[in-house]
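Asker: Below is model15.cif; it holds mmCIF, C-alpha atoms.
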```cif
data_work
loop_
_atom_site.group_PDB
_atom_site.id
_atom_site.type_symbol
_atom_site.label_atom_id
_atom_site.label_comp_id
_atom_site.auth_asym_id
_atom_site.auth_seq_id
_atom_site.Cartn_x
_atom_site.Cartn_y
_atom_site.Cartn_z
ATOM 1 C CA MET F 382 -36.938 -72.728 -56.597
ATOM 2 C CA SER F 383 -36.827 -71.224 -53.114
ATOM 3 C CA GLU F 384 -38.266 -67.841 -52.360
ATOM 4 C CA GLU F 385 -36.047 -64.848 -51.739
ATOM 5 C CA LYS F 386 -35.593 -63.720 -48.151
ATOM 6 C CA ALA F 387 -37.171 -60.527 -46.880
ATOM 7 C CA VAL F 388 -35.526 -57.224 -47.802
ATOM 8 C CA VAL F 389 -33.344 -55.888 -44.959
ATOM 9 C CA SER F 390 -31.391 -52.678 -44.551
ATOM 10 C CA LYS F 391 -27.635 -52.653 -45.132
ATOM 11 C CA GLU F 392 -27.083 -50.723 -41.889
ATOM 12 C CA GLU F 393 -29.045 -53.208 -39.753
ATOM 13 C CA THR F 394 -27.464 -56.327 -41.265
ATOM 14 C CA PHE F 395 -24.369 -56.173 -43.488
ATOM 15 C CA ASP F 396 -22.708 -53.279 -41.644
ATOM 16 C CA LYS F 397 -22.821 -55.287 -38.385
ATOM 17 C CA LEU F 398 -20.709 -58.073 -39.858
ATOM 18 C CA GLU F 399 -16.937 -57.934 -39.406
ATOM 19 C CA ILE F 400 -15.865 -59.583 -42.666
ATOM 20 C CA ARG F 401 -12.112 -59.397 -43.190
ATOM 21 C CA LEU F 402 -9.493 -60.744 -45.573
ATOM 22 C CA GLY F 403 -7.131 -63.396 -44.277
ATOM 23 C CA ARG F 404 -4.360 -65.653 -45.562
ATOM 24 C CA VAL F 405 -4.474 -69.404 -44.894
ATOM 25 C CA LEU F 406 -1.338 -70.387 -42.962
ATOM 26 C CA GLN F 407 -2.047 -74.034 -42.206
ATOM 27 C CA VAL F 408 -4.515 -76.717 -43.330
ATOM 28 C CA GLU F 409 -5.056 -80.138 -41.790
ATOM 29 C CA GLU F 410 -7.876 -82.665 -41.620
ATOM 30 C CA GLU F 411 -10.132 -82.354 -38.583
ATOM 31 C CA PRO F 412 -10.742 -86.028 -37.720
ATOM 32 C CA THR F 413 -13.227 -85.271 -34.921
ATOM 33 C CA ALA F 414 -15.642 -83.261 -37.122
ATOM 34 C CA PRO F 415 -19.000 -84.972 -37.803
ATOM 35 C CA LYS F 416 -18.367 -84.792 -41.583
ATOM 36 C CA LYS F 417 -15.071 -84.615 -43.478
ATOM 37 C CA ALA F 418 -13.617 -81.149 -42.813
ATOM 38 C CA TYR F 419 -10.380 -79.202 -42.569
ATOM 39 C CA LYS F 420 -9.032 -77.149 -39.690
ATOM 40 C CA LEU F 421 -7.561 -73.931 -41.062
ATOM 41 C CA LYS F 422 -5.299 -71.435 -39.312
ATOM 42 C CA VAL F 423 -5.874 -68.059 -40.939
ATOM 43 C CA ASP F 424 -3.903 -64.823 -40.456
ATOM 44 C CA PHE F 425 -6.140 -61.734 -40.311
ATOM 45 C CA GLY F 426 -3.288 -59.289 -39.638
ATOM 46 C CA LYS F 427 -4.079 -56.960 -36.713
ATOM 47 C CA PHE F 428 -7.153 -59.137 -35.964
ATOM 48 C CA GLY F 429 -4.942 -62.111 -35.170
ATOM 49 C CA ILE F 430 -4.639 -65.712 -36.235
ATOM 50 C CA ARG F 431 -7.981 -67.500 -36.121
ATOM 51 C CA THR F 432 -9.058 -71.135 -36.418
ATOM 52 C CA SER F 433 -11.839 -72.285 -38.723
ATOM 53 C CA VAL F 434 -13.268 -75.730 -39.335
ATOM 54 C CA GLY F 435 -14.806 -75.892 -42.794
ATOM 55 C CA ARG F 436 -15.831 -78.325 -45.490
ATOM 56 C CA PHE F 437 -13.395 -77.191 -48.192
ATOM 57 C CA THR F 438 -12.435 -80.834 -48.727
ATOM 58 C CA GLN F 439 -12.808 -80.870 -52.523
ATOM 59 C CA HIS F 440 -9.554 -78.864 -52.457
ATOM 60 C CA GLU F 441 -6.263 -80.481 -51.498
ATOM 61 C CA PRO F 442 -4.690 -78.924 -48.363
ATOM 62 C CA VAL F 443 -1.693 -77.716 -50.391
ATOM 63 C CA GLU F 444 -4.112 -75.895 -52.728
ATOM 64 C CA LEU F 445 -5.644 -73.961 -49.806
ATOM 65 C CA LYS F 446 -2.381 -72.978 -48.109
ATOM 66 C CA ASP F 447 -1.446 -69.308 -48.691
ATOM 67 C CA LYS F 448 -4.813 -68.521 -50.327
ATOM 68 C CA LEU F 449 -6.651 -65.296 -49.511
ATOM 69 C CA VAL F 450 -10.057 -65.949 -47.933
ATOM 70 C CA LEU F 451 -12.869 -63.903 -46.430
ATOM 71 C CA GLY F 452 -13.980 -64.613 -42.886
ATOM 72 C CA VAL F 453 -16.698 -63.382 -40.535
ATOM 73 C CA LEU F 454 -14.843 -62.481 -37.338
ATOM 74 C CA ASN F 455 -17.753 -61.509 -35.084
ATOM 75 C CA PHE F 456 -19.901 -64.646 -34.988
ATOM 76 C CA PRO F 457 -19.736 -66.556 -31.691
ATOM 77 C CA PRO F 458 -17.231 -69.440 -31.663
ATOM 78 C CA ARG F 459 -18.639 -72.893 -32.508
ATOM 79 C CA GLN F 460 -17.409 -76.260 -31.377
ATOM 80 C CA VAL F 461 -16.859 -78.618 -34.324
ATOM 81 C CA GLY F 462 -15.711 -81.983 -33.078
ATOM 82 C CA GLU F 463 -12.955 -81.248 -30.574
ATOM 83 C CA THR F 464 -11.996 -77.902 -32.153
ATOM 84 C CA ILE F 465 -13.330 -74.421 -31.446
ATOM 85 C CA SER F 466 -13.964 -72.672 -34.763
ATOM 86 C CA ASP F 467 -13.744 -68.920 -34.119
ATOM 87 C CA VAL F 468 -14.117 -67.576 -37.666
ATOM 88 C CA LEU F 469 -16.523 -68.502 -40.454
ATOM 89 C CA ILE F 470 -14.667 -68.691 -43.781
ATOM 90 C CA LEU F 471 -17.053 -67.739 -46.579
ATOM 91 C CA GLY F 472 -17.628 -70.065 -49.480
ATOM 92 C CA VAL F 473 -20.132 -71.325 -52.011
ATOM 93 C CA GLN F 474 -21.266 -74.841 -52.895
ATOM 94 C CA TYR F 475 -18.534 -76.758 -54.713
ATOM 95 C CA PRO F 476 -19.859 -77.849 -58.154
ATOM 96 C CA LYS F 477 -21.462 -81.320 -58.062
ATOM 97 C CA ALA F 478 -20.240 -81.949 -54.498
ATOM 98 C CA GLU F 479 -22.414 -83.134 -51.639
ATOM 99 C CA SER F 480 -24.380 -80.547 -49.683
ATOM 100 C CA GLY F 481 -22.162 -78.394 -47.478
ATOM 101 C CA GLU F 482 -18.922 -78.969 -49.370
ATOM 102 C CA ALA F 483 -17.617 -75.562 -50.381
ATOM 103 C CA THR F 484 -15.084 -73.665 -52.383
ATOM 104 C CA TYR F 485 -13.633 -70.516 -50.817
ATOM 105 C CA ILE F 486 -14.269 -66.930 -51.928
ATOM 106 C CA THR F 487 -11.144 -64.960 -52.787
ATOM 107 C CA PRO F 488 -10.447 -61.470 -54.195
ATOM 108 C CA ALA F 489 -9.385 -61.059 -57.827
ATOM 109 C CA ALA F 490 -6.308 -59.037 -56.752
ATOM 110 C CA ASP F 491 -3.837 -59.293 -53.880
ATOM 111 C CA ALA F 492 -5.286 -57.118 -51.119
ATOM 112 C CA LYS F 493 -4.239 -56.136 -47.587
ATOM 113 C CA ILE F 494 -4.564 -58.835 -44.930
ATOM 114 C CA GLY F 495 -7.221 -57.712 -42.443
ATOM 115 C CA GLY F 496 -8.928 -55.531 -45.077
ATOM 116 C CA LYS F 497 -12.698 -55.129 -44.655
ATOM 117 C CA LEU F 498 -15.225 -56.441 -47.160
ATOM 118 C CA PHE F 499 -17.614 -53.677 -48.184
#
```
Take the structure in this file and express it as structure tokens.

Answerer:
Amino acid sequence: MSEEKAVVSKEETFDKLEIRLGRVLQVEEEPTAPKKAYKLKVDFGKFGIRTSVGRFTQHEPVELKDKLVLGVLNFPPRQVGETISDVLILGVQYPKAESGEATYITPAADAKIGGKLF
């Protein structure tokens, strides 16, 4: 079992993150990624449409389309294969999948696109 990380203050860590709710508009395979991944176009309302490359590949693309997801908007963009990923979609390890394969986090109720996680 790994040890817990050091205690940090909410104000110095969590409050600095811009985590917002978005709706997946488009999902396609990203063939240039080093491991199997999808390129997602996600609508964050007034924060715009962002691109994310993520390993949500245990889900079929049609299953991801129109889903509500949470994304970190203020991390620097990362190049994944030939695509610039400018939002990190939050997820957790998909059960019994290989390391890094994830399932998305979604709210239990329909909420406003662009809404802040708190």

Asker: Would you list the contacts of Phe425 of chain F as a list in words, taking every protein, DNA or RNA residue within 6 Å and counting all atoms listed in the file, but skipping same-chain residues closer than 4 positions in sequence?

Answerer: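 After dropping sequence-adjacent residues, the list is Gly403, Gly429, Ile430, Ile494 and Gly495 of chain F.
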
Asker: Given the file shown, determine the residues that the PyMOL selection byres ((chain F and resi 440-447) around 8) selects; report them as a PyMOL selection string.

Answerer: chain F and resi 404-409+437-439+448-449+484

Asker: Taking the file above as input, evaluate the PyMOL selection byres ((chain F and resi 465) around 12) and report the hits as a list in words.

Answerer: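 Checked against the file, the PyMOL selection byres ((chain F and resi 465) around 12) matches Glu411, Thr413, Ala414, Lys420, Leu421, Lys422, Arg431, Thr432, Ser433, Val434, Gly435, Pro457, Pro458, Arg459, Gln460, Val461, Gly462, Glu463, Thr464, Ser466, Asp467, Val468 and Leu469 of chain F.
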
Asker: Export C-alpha atoms of the chosen residues as a PDB file, keeping the file's coordinate frame?

Answerer:
```pdb
ATOM      1  CA  GLU F 411     -10.132 -82.354 -38.583  1.00  0.00           C
ATOM      2  CA  THR F 413     -13.227 -85.271 -34.921  1.00  0.00           C
ATOM      3  CA  ALA F 414     -15.642 -83.261 -37.122  1.00  0.00           C
ATOM      4  CA  LYS F 420      -9.032 -77.149 -39.690  1.00  0.00           C
ATOM      5  CA  LEU F 421      -7.561 -73.931 -41.062  1.00  0.00           C
ATOM      6  CA  LYS F 422      -5.299 -71.435 -39.312  1.00  0.00           C
ATOM      7  CA  ARG F 431      -7.981 -67.500 -36.121  1.00  0.00           C
ATOM      8  CA  THR F 432      -9.058 -71.135 -36.418  1.00  0.00           C
ATOM      9  CA  SER F 433     -11.839 -72.285 -38.723  1.00  0.00           C
ATOM     10  CA  VAL F 434     -13.268 -75.730 -39.335  1.00  0.00           C
ATOM     11  CA  GLY F 435     -14.806 -75.892 -42.794  1.00  0.00           C
ATOM     12  CA  PRO F 457     -19.736 -66.556 -31.691  1.00  0.00           C
ATOM     13  CA  PRO F 458     -17.231 -69.440 -31.663  1.00  0.00           C
ATOM     14  CA  ARG F 459     -18.639 -72.893 -32.508  1.00  0.00           C
ATOM     15  CA  GLN F 460     -17.409 -76.260 -31.377  1.00  0.00           C
ATOM     16  CA  VAL F 461     -16.859 -78.618 -34.324  1.00  0.00           C
ATOM     17  CA  GLY F 462     -15.711 -81.983 -33.078  1.00  0.00           C
ATOM     18  CA  GLU F 463     -12.955 -81.248 -30.574  1.00  0.00           C
ATOM     19  CA  THR F 464     -11.996 -77.902 -32.153  1.00  0.00           C
ATOM     20  CA  SER F 466     -13.964 -72.672 -34.763  1.00  0.00           C
ATOM     21  CA  ASP F 467     -13.744 -68.920 -34.119  1.00  0.00           C
ATOM     22  CA  VAL F 468     -14.117 -67.576 -37.666  1.00  0.00           C
ATOM     23  CA  LEU F 469     -16.523 -68.502 -40.454  1.00  0.00           C
TER      24      LEU F 469
END
```

Asker: Build an axis-aligned box that encloses every atom of segment 444-462 of chain F listed in the file, pad it by 5 Å on each side, and report its centre and edge lengths in Å to one decimal, as lines of an AutoDock Vina configuration file.

Answerer:
```
center_x = -10.7
center_y = -71.7
center_z = -42.1
size_x = 28.5
size_y = 30.5
size_z = 31.4
```

Asker: Considering all atoms listed in the file, state which residue in the set F:Val388, F:Ile400, F:Ala489, F:Val473 is at the smallest distance from Gly452 of chain F.

Answerer: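 Among the listed residues, the smallest separation from Gly452 of chain F belongs to F:Ile400.
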
Asker: Within 9 Å of Leu498 of chain F, counting only C-alpha atoms, which residues show up once you throw out same-chain ones fewer than 6 positions away? Write them as a VMD selection string, please.

Answerer: chain F and resid 399 to 402 451

Asker: Could you jot down the atom CA of Lys417 of chain F to atom CA of Arg436 of chain F separation for me, Å, one decimal place?

Answerer: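 So the answer is 6.6 Å.
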
Asker: What is the atom CA of Asp424 of chain F to atom CA of Lys397 of chain F distance in Å?

Answerer: 21.3 Å

Asker: Counting only C-alpha atoms, which of F:Glu482, F:Asp491, F:Thr394, F:Lys477 gets nearest to Tyr419 of chain F?

Answerer: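 That would be F:Glu482, the residue with the smallest distance to Tyr419 of chain F.
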
Asker: Between atom CA of Glu410 of chain F and atom CA of Val423 of chain F, measure the distance and give it in Å to one decimal.

Answerer: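 Taking atom CA of Glu410 of chain F and atom CA of Val423 of chain F, their separation equals 14.8 Å.
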
Asker: Since the input is missing atoms, can you rebuild N, CA and C atoms for segment 453-481 of chain F and write them as a PDB file, keeping the file's coordinate frame?

Answerer:
```pdb
ATOM      1  N   VAL F 453     -15.869 -64.168 -41.457  1.00  0.00           N
ATOM      2  CA  VAL F 453     -16.698 -63.382 -40.535  1.00  0.00           C
ATOM      3  C   VAL F 453     -16.078 -63.545 -39.152  1.00  0.00           C
ATOM      4  N   LEU F 454     -15.578 -62.432 -38.606  1.00  0.00           N
ATOM      5  CA  LEU F 454     -14.843 -62.481 -37.338  1.00  0.00           C
ATOM      6  C   LEU F 454     -15.734 -62.317 -36.112  1.00  0.00           C
ATOM      7  N   ASN F 455     -16.960 -61.822 -36.282  1.00  0.00           N
ATOM      8  CA  ASN F 455     -17.753 -61.509 -35.084  1.00  0.00           C
ATOM      9  C   ASN F 455     -18.977 -62.402 -34.890  1.00  0.00           C
ATOM     10  N   PHE F 456     -18.917 -63.644 -35.385  1.00  0.00           N
ATOM     11  CA  PHE F 456     -19.901 -64.646 -34.988  1.00  0.00           C
ATOM     12  C   PHE F 456     -19.364 -65.333 -33.740  1.00  0.00           C
ATOM     13  N   PRO F 457     -20.241 -65.845 -32.867  1.00  0.00           N
ATOM     14  CA  PRO F 457     -19.736 -66.556 -31.691  1.00  0.00           C
ATOM     15  C   PRO F 457     -18.980 -67.826 -32.111  1.00  0.00           C
ATOM     16  N   PRO F 458     -17.957 -68.209 -31.351  1.00  0.00           N
ATOM     17  CA  PRO F 458     -17.231 -69.440 -31.663  1.00  0.00           C
ATOM     18  C   PRO F 458     -18.170 -70.648 -31.619  1.00  0.00           C
ATOM     19  N   ARG F 459     -17.861 -71.648 -32.456  1.00  0.00           N
ATOM     20  CA  ARG F 459     -18.639 -72.893 -32.508  1.00  0.00           C
ATOM     21  C   ARG F 459     -17.707 -74.067 -32.279  1.00  0.00           C
ATOM     22  N   GLN F 460     -18.191 -75.045 -31.552  1.00  0.00           N
ATOM     23  CA  GLN F 460     -17.409 -76.260 -31.377  1.00  0.00           C
ATOM     24  C   GLN F 460     -17.743 -77.212 -32.519  1.00  0.00           C
ATOM     25  N   VAL F 461     -16.710 -77.650 -33.242  1.00  0.00           N
ATOM     26  CA  VAL F 461     -16.859 -78.618 -34.324  1.00  0.00           C
ATOM     27  C   VAL F 461     -15.936 -79.779 -33.981  1.00  0.00           C
ATOM     28  N   GLY F 462     -16.523 -80.887 -33.589  1.00  0.00           N
ATOM     29  CA  GLY F 462     -15.711 -81.983 -33.078  1.00  0.00           C
ATOM     30  C   GLY F 462     -15.020 -81.512 -31.818  1.00  0.00           C
ATOM     31  N   GLU F 463     -13.714 -81.674 -31.759  1.00  0.00           N
ATOM     32  CA  GLU F 463     -12.955 -81.248 -30.574  1.00  0.00           C
ATOM     33  C   GLU F 463     -12.328 -79.869 -30.748  1.00  0.00           C
ATOM     34  N   THR F 464     -12.622 -79.187 -31.851  1.00  0.00           N
ATOM     35  CA  THR F 464     -11.996 -77.902 -32.153  1.00  0.00           C
ATOM     36  C   THR F 464     -12.990 -76.760 -32.022  1.00  0.00           C
ATOM     37  N   ILE F 465     -12.525 -75.642 -31.483  1.00  0.00           N
ATOM     38  CA  ILE F 465     -13.330 -74.421 -31.446  1.00  0.00           C
ATOM     39  C   ILE F 465     -13.035 -73.642 -32.728  1.00  0.00           C
ATOM     40  N   SER F 466     -14.064 -73.433 -33.519  1.00  0.00           N
ATOM     41  CA  SER F 466     -13.964 -72.672 -34.763  1.00  0.00           C
ATOM     42  C   SER F 466     -14.384 -71.242 -34.445  1.00  0.00           C
ATOM     43  N   ASP F 467     -13.443 -70.292 -34.543  1.00  0.00           N
ATOM     44  CA  ASP F 467     -13.744 -68.920 -34.119  1.00  0.00           C
ATOM     45  C   ASP F 467     -13.818 -67.923 -35.269  1.00  0.00           C
ATOM     46  N   VAL F 468     -13.879 -68.432 -36.496  1.00  0.00           N
ATOM     47  CA  VAL F 468     -14.117 -67.576 -37.666  1.00  0.00           C
ATOM     48  C   VAL F 468     -14.848 -68.421 -38.701  1.00  0.00           C
ATOM     49  N   LEU F 469     -15.812 -67.825 -39.377  1.00  0.00           N
ATOM     50  CA  LEU F 469     -16.523 -68.502 -40.454  1.00  0.00           C
ATOM     51  C   LEU F 469     -15.897 -68.060 -41.778  1.00  0.00           C
ATOM     52  N   ILE F 470     -15.238 -68.996 -42.466  1.00  0.00           N
ATOM     53  CA  ILE F 470     -14.667 -68.691 -43.781  1.00  0.00           C
ATOM     54  C   ILE F 470     -15.797 -68.816 -44.798  1.00  0.00           C
ATOM     55  N   LEU F 471     -15.950 -67.773 -45.617  1.00  0.00           N
ATOM     56  CA  LEU F 471     -17.053 -67.739 -46.579  1.00  0.00           C
ATOM     57  C   LEU F 471     -16.745 -68.581 -47.807  1.00  0.00           C
ATOM     58  N   GLY F 472     -17.768 -69.239 -48.302  1.00  0.00           N
ATOM     59  CA  GLY F 472     -17.628 -70.065 -49.480  1.00  0.00           C
ATOM     60  C   GLY F 472     -18.965 -70.252 -50.164  1.00  0.00           C
ATOM     61  N   VAL F 473     -18.930 -70.941 -51.282  1.00  0.00           N
ATOM     62  CA  VAL F 473     -20.132 -71.325 -52.011  1.00  0.00           C
ATOM     63  C   VAL F 473     -20.045 -72.817 -52.303  1.00  0.00           C
ATOM     64  N   GLN F 474     -21.197 -73.406 -52.605  1.00  0.00           N
ATOM     65  CA  GLN F 474     -21.266 -74.841 -52.895  1.00  0.00           C
ATOM     66  C   GLN F 474     -20.268 -75.224 -53.981  1.00  0.00           C
ATOM     67  N   TYR F 475     -19.475 -76.255 -53.717  1.00  0.00           N
ATOM     68  CA  TYR F 475     -18.534 -76.758 -54.713  1.00  0.00           C
ATOM     69  C   TYR F 475     -19.352 -77.476 -55.789  1.00  0.00           C
ATOM     70  N   PRO F 476     -19.061 -77.240 -57.082  1.00  0.00           N
ATOM     71  CA  PRO F 476     -19.859 -77.849 -58.154  1.00  0.00           C
ATOM     72  C   PRO F 476     -19.946 -79.375 -58.035  1.00  0.00           C
ATOM     73  N   LYS F 477     -21.160 -79.881 -58.061  1.00  0.00           N
ATOM     74  CA  LYS F 477     -21.462 -81.320 -58.062  1.00  0.00           C
ATOM     75  C   LYS F 477     -20.981 -82.043 -56.810  1.00  0.00           C
ATOM     76  N   ALA F 478     -20.663 -81.319 -55.755  1.00  0.00           N
ATOM     77  CA  ALA F 478     -20.240 -81.949 -54.498  1.00  0.00           C
ATOM     78  C   ALA F 478     -21.466 -82.151 -53.613  1.00  0.00           C
ATOM     79  N   GLU F 479     -21.288 -82.921 -52.546  1.00  0.00           N
ATOM     80  CA  GLU F 479     -22.414 -83.134 -51.639  1.00  0.00           C
ATOM     81  C   GLU F 479     -22.718 -81.841 -50.878  1.00  0.00           C
ATOM     82  N   SER F 480     -23.925 -81.747 -50.387  1.00  0.00           N
ATOM     83  CA  SER F 480     -24.380 -80.547 -49.683  1.00  0.00           C
ATOM     84  C   SER F 480     -23.413 -80.161 -48.568  1.00  0.00           C
ATOM     85  N   GLY F 481     -23.047 -78.889 -48.526  1.00  0.00           N
ATOM     86  CA  GLY F 481     -22.162 -78.394 -47.478  1.00  0.00           C
ATOM     87  C   GLY F 481     -20.700 -78.326 -47.875  1.00  0.00           C
TER      88      GLY F 481
END
```
